[in-house]
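Asks: Coordinates in input-v5.pdb, PDB, C-alpha atoms, are listed below.
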ATOM      1  CA  MET A   1    -110.204-189.269 -58.549  1.00  0.00           C
ATOM      2  CA  VAL A   2    -111.940-190.170 -55.291  1.00  0.00           C
ATOM      3  CA  GLN A   3    -114.883-188.025 -54.290  1.00  0.00           C
ATOM      4  CA  ARG A   4    -115.489-187.395 -50.641  1.00  0.00           C
ATOM      5  CA  ASN A   5    -119.034-188.107 -49.528  1.00  0.00           C
ATOM      6  CA  THR A   6    -120.217-184.603 -48.641  1.00  0.00           C
ATOM      7  CA  TRP A   7    -123.792-183.608 -47.816  1.00  0.00           C
ATOM      8  CA  GLN A   8    -123.971-181.883 -51.219  1.00  0.00           C
ATOM      9  CA  ARG A   9    -123.022-185.033 -53.088  1.00  0.00           C
ATOM     10  CA  GLU A  10    -125.422-187.090 -51.010  1.00  0.00           C
ATOM     11  CA  ARG A  11    -128.223-184.613 -51.800  1.00  0.00           C
ATOM     12  CA  VAL A  12    -127.443-184.827 -55.542  1.00  0.00           C
ATOM     13  CA  ARG A  13    -127.554-188.634 -55.256  1.00  0.00           C
ATOM     14  CA  GLU A  14    -130.941-188.443 -53.500  1.00  0.00           C
ATOM     15  CA  ALA A  15    -132.319-186.031 -56.114  1.00  0.00           C
ATOM     16  CA  LEU A  16    -131.157-188.321 -58.914  1.00  0.00           C
ATOM     17  CA  SER A  17    -132.801-191.318 -57.261  1.00  0.00           C
ATOM     18  CA  GLY A  18    -136.039-189.361 -56.920  1.00  0.00           C
ATOM     19  CA  ALA A  19    -136.035-188.134 -60.514  1.00  0.00           C
ATOM     20  CA  GLY A  20    -137.747-191.261 -61.834  1.00  0.00           C
ATOM     21  CA  GLY A  21    -135.924-191.348 -65.162  1.00  0.00           C
ATOM     22  CA  PHE A  22    -133.082-189.827 -67.099  1.00  0.00           C
ATOM     23  CA  VAL A  23    -132.445-186.154 -66.344  1.00  0.00           C
ATOM     24  CA  SER A  24    -129.883-183.584 -67.392  1.00  0.00           C
ATOM     25  CA  ALA A  25    -127.455-182.025 -64.940  1.00  0.00           C
ATOM     26  CA  GLN A  26    -129.150-178.681 -65.575  1.00  0.00           C
ATOM     27  CA  SER A  27    -132.585-180.095 -64.766  1.00  0.00           C
ATOM     28  CA  LEU A  28    -131.313-181.734 -61.584  1.00  0.00           C
ATOM     29  CA  HIS A  29    -129.564-178.498 -60.602  1.00  0.00           C
ATOM     30  CA  ALA A  30    -132.813-176.550 -61.148  1.00  0.00           C
ATOM     31  CA  THR A  31    -134.618-178.925 -58.771  1.00  0.00           C
ATOM     32  CA  LEU A  32    -131.920-178.495 -56.134  1.00  0.00           C
ATOM     33  CA  ARG A  33    -131.901-174.718 -56.657  1.00  0.00           C
ATOM     34  CA  ASP A  34    -135.694-174.598 -56.176  1.00  0.00           C
ATOM     35  CA  GLU A  35    -135.156-176.388 -52.847  1.00  0.00           C
ATOM     36  CA  ASN A  36    -132.669-173.660 -51.833  1.00  0.00           C
ATOM     37  CA  THR A  37    -129.875-176.160 -51.267  1.00  0.00           C
ATOM     38  CA  GLY A  38    -127.147-173.798 -52.441  1.00  0.00           C
ATOM     39  CA  ILE A  39    -125.578-176.629 -54.446  1.00  0.00           C
ATOM     40  CA  GLY A  40    -123.823-175.294 -57.539  1.00  0.00           C
ATOM     41  CA  LEU A  41    -124.068-176.609 -61.072  1.00  0.00           C
ATOM     42  CA  ALA A  42    -120.373-177.595 -61.078  1.00  0.00           C
ATOM     43  CA  THR A  43    -120.958-179.791 -58.018  1.00  0.00           C
ATOM     44  CA  VAL A  44    -123.917-181.444 -59.745  1.00  0.00           C
ATOM     45  CA  TYR A  45    -121.823-182.147 -62.863  1.00  0.00           C
ATOM     46  CA  ARG A  46    -118.877-183.529 -60.854  1.00  0.00           C
ATOM     47  CA  THR A  47    -121.130-185.694 -58.704  1.00  0.00           C
ATOM     48  CA  LEU A  48    -123.026-187.123 -61.669  1.00  0.00           C
ATOM     49  CA  ALA A  49    -119.782-187.877 -63.506  1.00  0.00           C
ATOM     50  CA  GLY A  50    -118.420-189.602 -60.392  1.00  0.00           C
ATOM     51  CA  LEU A  51    -121.596-191.648 -59.917  1.00  0.00           C
ATOM     52  CA  ALA A  52    -121.523-192.732 -63.563  1.00  0.00           C
ATOM     53  CA  ALA A  53    -117.824-193.650 -63.377  1.00  0.00           C
ATOM     54  CA  LYS A  54    -118.478-195.856 -60.326  1.00  0.00           C
ATOM     55  CA  GLY A  55    -121.502-197.527 -61.936  1.00  0.00           C
ATOM     56  CA  ASP A  56    -123.958-195.934 -59.521  1.00  0.00           C
ATOM     57  CA  ALA A  57    -125.622-193.943 -62.316  1.00  0.00           C
ATOM     58  CA  ASP A  58    -126.410-194.602 -65.944  1.00  0.00           C
ATOM     59  CA  SER A  59    -125.284-191.983 -68.429  1.00  0.00           C
ATOM     60  CA  LEU A  60    -126.372-191.602 -72.017  1.00  0.00           C
ATOM     61  CA  GLN A  61    -126.665-189.039 -74.731  1.00  0.00           C
ATOM     62  CA  SER A  62    -130.148-188.012 -75.816  1.00  0.00           C
ATOM     63  CA  PRO A  63    -131.057-187.852 -79.508  1.00  0.00           C
ATOM     64  CA  GLU A  64    -130.530-184.079 -79.169  1.00  0.00           C
ATOM     65  CA  GLY A  65    -126.968-184.636 -77.899  1.00  0.00           C
ATOM     66  CA  GLU A  66    -127.559-183.763 -74.238  1.00  0.00           C
ATOM     67  CA  ASN A  67    -125.946-185.915 -71.515  1.00  0.00           C
ATOM     68  CA  LEU A  68    -128.584-187.497 -69.303  1.00  0.00           C
ATOM     69  CA  PHE A  69    -128.223-189.402 -66.033  1.00  0.00           C
ATOM     70  CA  ARG A  70    -130.299-191.824 -63.983  1.00  0.00           C
ATOM     71  CA  ALA A  71    -129.737-193.696 -60.754  1.00  0.00           C
ATOM     72  CA  CYS A  72    -128.727-197.268 -61.604  1.00  0.00           C
ATOM     73  CA  GLU A  73    -131.048-200.105 -60.810  1.00  0.00           C
ATOM     74  CA  THR A  74    -128.801-202.776 -62.317  1.00  0.00           C
ATOM     75  CA  ARG A  75    -125.051-203.155 -61.985  1.00  0.00           C
ATOM     76  CA  GLY A  76    -123.120-204.186 -65.035  1.00  0.00           C
ATOM     77  CA  HIS A  77    -123.809-203.819 -68.718  1.00  0.00           C
ATOM     78  CA  HIS A  78    -127.427-203.215 -69.720  1.00  0.00           C
ATOM     79  CA  HIS A  79    -129.604-201.312 -72.178  1.00  0.00           C
ATOM     80  CA  HIS A  80    -132.588-198.979 -71.893  1.00  0.00           C
ATOM     81  CA  LEU A  81    -135.903-198.089 -73.468  1.00  0.00           C
ATOM     82  CA  ILE A  82    -136.411-194.358 -72.858  1.00  0.00           C
ATOM     83  CA  CYS A  83    -139.537-192.284 -73.409  1.00  0.00           C
ATOM     84  CA  ARG A  84    -138.752-189.159 -75.436  1.00  0.00           C
ATOM     85  CA  SER A  85    -141.692-187.391 -73.836  1.00  0.00           C
ATOM     86  CA  CYS A  86    -141.516-188.033 -70.070  1.00  0.00           C
ATOM     87  CA  GLY A  87    -138.052-189.599 -69.670  1.00  0.00           C
ATOM     88  CA  LYS A  88    -139.342-192.862 -68.206  1.00  0.00           C
ATOM     89  CA  ALA A  89    -136.673-195.543 -68.576  1.00  0.00           C
ATOM     90  CA  VAL A  90    -136.888-199.314 -68.522  1.00  0.00           C
ATOM     91  CA  GLU A  91    -133.788-201.477 -68.266  1.00  0.00           C
ATOM     92  CA  ILE A  92    -133.818-204.309 -70.784  1.00  0.00           C
ATOM     93  CA  ALA A  93    -131.793-207.392 -71.531  1.00  0.00           C
ATOM     94  CA  ALA A  94    -130.759-207.447 -75.158  1.00  0.00           C
ATOM     95  CA  THR A  95    -129.199-210.836 -75.813  1.00  0.00           C
ATOM     96  CA  ASP A  96    -129.653-210.491 -79.573  1.00  0.00           C
ATOM     97  CA  VAL A  97    -127.774-207.161 -79.509  1.00  0.00           C
ATOM     98  CA  GLU A  98    -124.979-208.670 -77.411  1.00  0.00           C
ATOM     99  CA  ASP A  99    -124.587-211.576 -79.820  1.00  0.00           C
ATOM    100  CA  TRP A 100    -124.704-209.296 -82.874  1.00  0.00           C
ATOM    101  CA  ALA A 101    -122.079-206.908 -81.428  1.00  0.00           C
ATOM    102  CA  GLN A 102    -119.621-209.711 -80.660  1.00  0.00           C
ATOM    103  CA  ARG A 103    -120.229-211.436 -84.010  1.00  0.00           C
ATOM    104  CA  THR A 104    -119.824-208.198 -85.981  1.00  0.00           C
ATOM    105  CA  ALA A 105    -116.638-207.263 -84.138  1.00  0.00           C
ATOM    106  CA  ALA A 106    -115.155-210.734 -84.726  1.00  0.00           C
ATOM    107  CA  GLN A 107    -116.069-210.630 -88.432  1.00  0.00           C
ATOM    108  CA  HIS A 108    -113.961-207.495 -88.743  1.00  0.00           C
ATOM    109  CA  GLY A 109    -111.059-208.795 -86.676  1.00  0.00           C
ATOM    110  CA  PHE A 110    -111.914-206.897 -83.487  1.00  0.00           C
ATOM    111  CA  SER A 111    -111.862-208.313 -79.969  1.00  0.00           C
ATOM    112  CA  GLU A 112    -112.955-206.991 -76.576  1.00  0.00           C
ATOM    113  CA  ALA A 113    -115.842-205.183 -78.269  1.00  0.00           C
ATOM    114  CA  GLU A 114    -118.004-202.864 -76.207  1.00  0.00           C
ATOM    115  CA  HIS A 115    -121.167-201.074 -77.264  1.00  0.00           C
ATOM    116  CA  VAL A 116    -123.954-198.788 -76.088  1.00  0.00           C
ATOM    117  CA  VAL A 117    -127.544-199.285 -77.202  1.00  0.00           C
ATOM    118  CA  ASP A 118    -130.396-197.136 -75.978  1.00  0.00           C
ATOM    119  CA  ILE A 119    -133.803-197.160 -77.651  1.00  0.00           C
ATOM    120  CA  PHE A 120    -135.859-193.974 -77.604  1.00  0.00           C
ATOM    121  CA  GLY A 121    -139.605-194.038 -78.154  1.00  0.00           C
ATOM    122  CA  ILE A 122    -142.872-192.995 -76.540  1.00  0.00           C
ATOM    123  CA  CYS A 123    -144.142-194.919 -73.500  1.00  0.00           C
ATOM    124  CA  THR A 124    -147.731-196.185 -73.258  1.00  0.00           C
ATOM    125  CA  ASP A 125    -148.823-193.447 -70.836  1.00  0.00           C
ATOM    126  CA  CYS A 126    -147.489-190.652 -73.064  1.00  0.00           C
ATOM    127  CA  ALA A 127    -148.961-192.279 -76.187  1.00  0.00           C
ATOM    128  CA  ARG A 128    -152.377-192.402 -74.493  1.00  0.00           C
ATOM    129  CA  ALA A 129    -152.070-188.769 -73.389  1.00  0.00           C
ATOM    130  CA  ARG A 130    -151.178-187.724 -76.953  1.00  0.00           C
ATOM    131  CA  ALA A 131    -154.133-189.690 -78.316  1.00  0.00           C
ATOM    132  CA  ARG A 132    -156.469-187.944 -75.835  1.00  0.00           C
ATOM    133  CA  GLU A 133    -155.070-184.545 -76.874  1.00  0.00           C
ATOM    134  CA  ARG A 134    -155.789-185.383 -80.517  1.00  0.00           C
ATOM    135  CA  GLY A 135    -159.234-186.699 -79.609  1.00  0.00           C
ATOM    136  CA  ASP A 136    -158.410-190.238 -80.729  1.00  0.00           C
ATOM    137  CA  GLU A 137    -159.778-191.808 -77.540  1.00  0.00           C
TER     138      GLU A 137
END
For this file, write the structure as structure tokens.
Replies:
Amino acid sequence: MVQRNTWQRERVREALSGAGGFVSAQSLHATLRDENTGIGLATVYRTLAGLAAKGDADSLQSPEGENLFRACETRGHHHHLICRSCGKAVEIAATDVEDWAQRTAAQHGFSEAEHVVDIFGICTDCARARARERGDE
């Protein structure tokens, strides 16, 4: 399915780029709604799905099971470190994971193996903020 490049889709793309990390479709829609764009939630979902399908957005499932999206910085296969608190994401190379996935697939007679690895944790800034809240600093 080819999506036409409408002003609504372009605005969703801009909002995603400005989000600074992984966001849900609902969160992105709330931002656009607060800006009185008139862009509907269905348009946000369709646009994000289209961007992810073309490789212009990363898509992953949070530990809670929610689909999250982020504007791609890198084309092609890559992995992420994602802060569970603020959503900050860092793209990482994971050569050891790549090797392990191919080796494991081959050991079990599989070929053309694909995988998804995303690591969730707490970034340094959020860890510091939590420590300040607890009075540890």
Asks: Just the number, please: distance in Å from CA of Val90 in chain A to CA of Arg130 in chain A, one decimal.
Replies: 20.2 Å
Asks: Pick out the residues sitting within 9 Å of range 57-67 of chain A, and hand them over as a list in words; count all atoms listed in the file, and ignore anything fewer than 6 positions along from it in its own chain.
Replies: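 My reading of the contact set: Leu16, Phe22, Val23, Ser24, Ala25, Leu48, Ala49, Gly50, Leu51, Glu73, Arg84, Val116, Asp118 and Phe120 of chain A.
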Asks: Take the PyMOL selection byres ((chain A and resi 119) around 9), apply it to the structure above, and return the hits as a PDB file with C-alpha atoms, in the frame of the given file.
Replies:
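As a result, expr-v5.pdb now contains:
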ATOM      1  CA  HIS A  79    -129.604-201.312 -72.178  1.00  0.00           C
ATOM      2  CA  HIS A  80    -132.588-198.979 -71.893  1.00  0.00           C
ATOM      3  CA  LEU A  81    -135.903-198.089 -73.468  1.00  0.00           C
ATOM      4  CA  ILE A  82    -136.411-194.358 -72.858  1.00  0.00           C
ATOM      5  CA  CYS A  83    -139.537-192.284 -73.409  1.00  0.00           C
ATOM      6  CA  VAL A 117    -127.544-199.285 -77.202  1.00  0.00           C
ATOM      7  CA  ASP A 118    -130.396-197.136 -75.978  1.00  0.00           C
ATOM      8  CA  PHE A 120    -135.859-193.974 -77.604  1.00  0.00           C
ATOM      9  CA  GLY A 121    -139.605-194.038 -78.154  1.00  0.00           C
TER      10      GLY A 121
END
Asks: Which residue, A:Thr6, A:Thr124, A:Gln102, A:Thr31, has the smallest gap to Gly18 in chain A when you use all atoms listed in the file?
Replies: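 Of A:Thr6, A:Thr124, A:Gln102, A:Thr31, the one nearest Gly18 in chain A is A:Thr31, counting all atoms listed in the file.
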Asks: Around (-121.9, -197.6, -66.8), as given in the file, which residues come within 9 Å? Count only C-alpha atoms and list them as a list in words.
Replies: Ala52, Ala53, Lys54, Gly55, Asp56, Ala57, Asp58, Ser59, Cys72, Arg75, Gly76, His77 and His78 of chain A
Asks: So which one's closest to Glu91 in chain A, A:Gly21, A:His108, A:Glu133, A:Gln26? Using all atoms listed in the file, please.
Replies: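 For Glu91 in chain A, the nearest of the candidates is A:Gly21.
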Asks: Find the residue from A:Arg9, A:Ala19, A:Phe110, A:Glu14 that sits nearest to Gly40 in chain A; use all atoms listed in the file when measuring.
Replies: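 Smallest separation from Gly40 in chain A among the options: A:Arg9.
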Asks: Just give me the gap between CA of Gly87 in chain A and CA of Arg46 in chain A in Å, one decimal is fine.
Replies: 22.0 Å
Asks: What do you get, as an MDAnalysis selection string, if you spell out every residue that the PyMOL selection byres ((chain A and resi 101) around 12) selects here?
Replies: chainID A and resid 94:100 102:108 110:117
Asks: What is the distance between CA of Thr37 in chain A and CA of Ser85 in chain A, in Å to one decimal?
Replies: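 Separation between CA of Thr37 in chain A and CA of Ser85 in chain A: 27.8 Å.
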Asks: How would you write, as a list in words, the residues chosen by the PyMOL selection byres ((chain A and resi 12) around 9) on this structure?
Replies: Trp7, Gln8, Arg9, Glu10, Arg11, Arg13, Glu14, Ala15, Leu16, Ser17, Leu28, His29, Leu32, Ile39, Thr43, Val44, Thr47 and Leu48 of chain A
Asks: When distances are computed from all atoms listed in the file, which of A:Ala42, A:Cys123, A:Ala131, A:Ala30 shows the smallest separation from Lys88 in chain A?
Replies: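 Between A:Ala42, A:Cys123, A:Ala131, A:Ala30, the residue approaching Lys88 in chain A most closely is A:Cys123.
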Asks: My list of candidates is A:Thr74, A:Ile122, A:Ala89, A:Leu68. Which is closest to Gly20 in chain A when distances are computed with only C-alpha atoms?
Replies: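 Closest to Gly20 in chain A, using only C-alpha atoms: A:Ala89.
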Asks: From the set A:Gly38, A:Gly109, A:Ala93, A:Cys86, which residue has the shortest atom-to-atom contact distance to Cys126 in chain A, counting all atoms listed in the file?
Replies: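 Under the stated criterion, the closest residue is A:Cys86.
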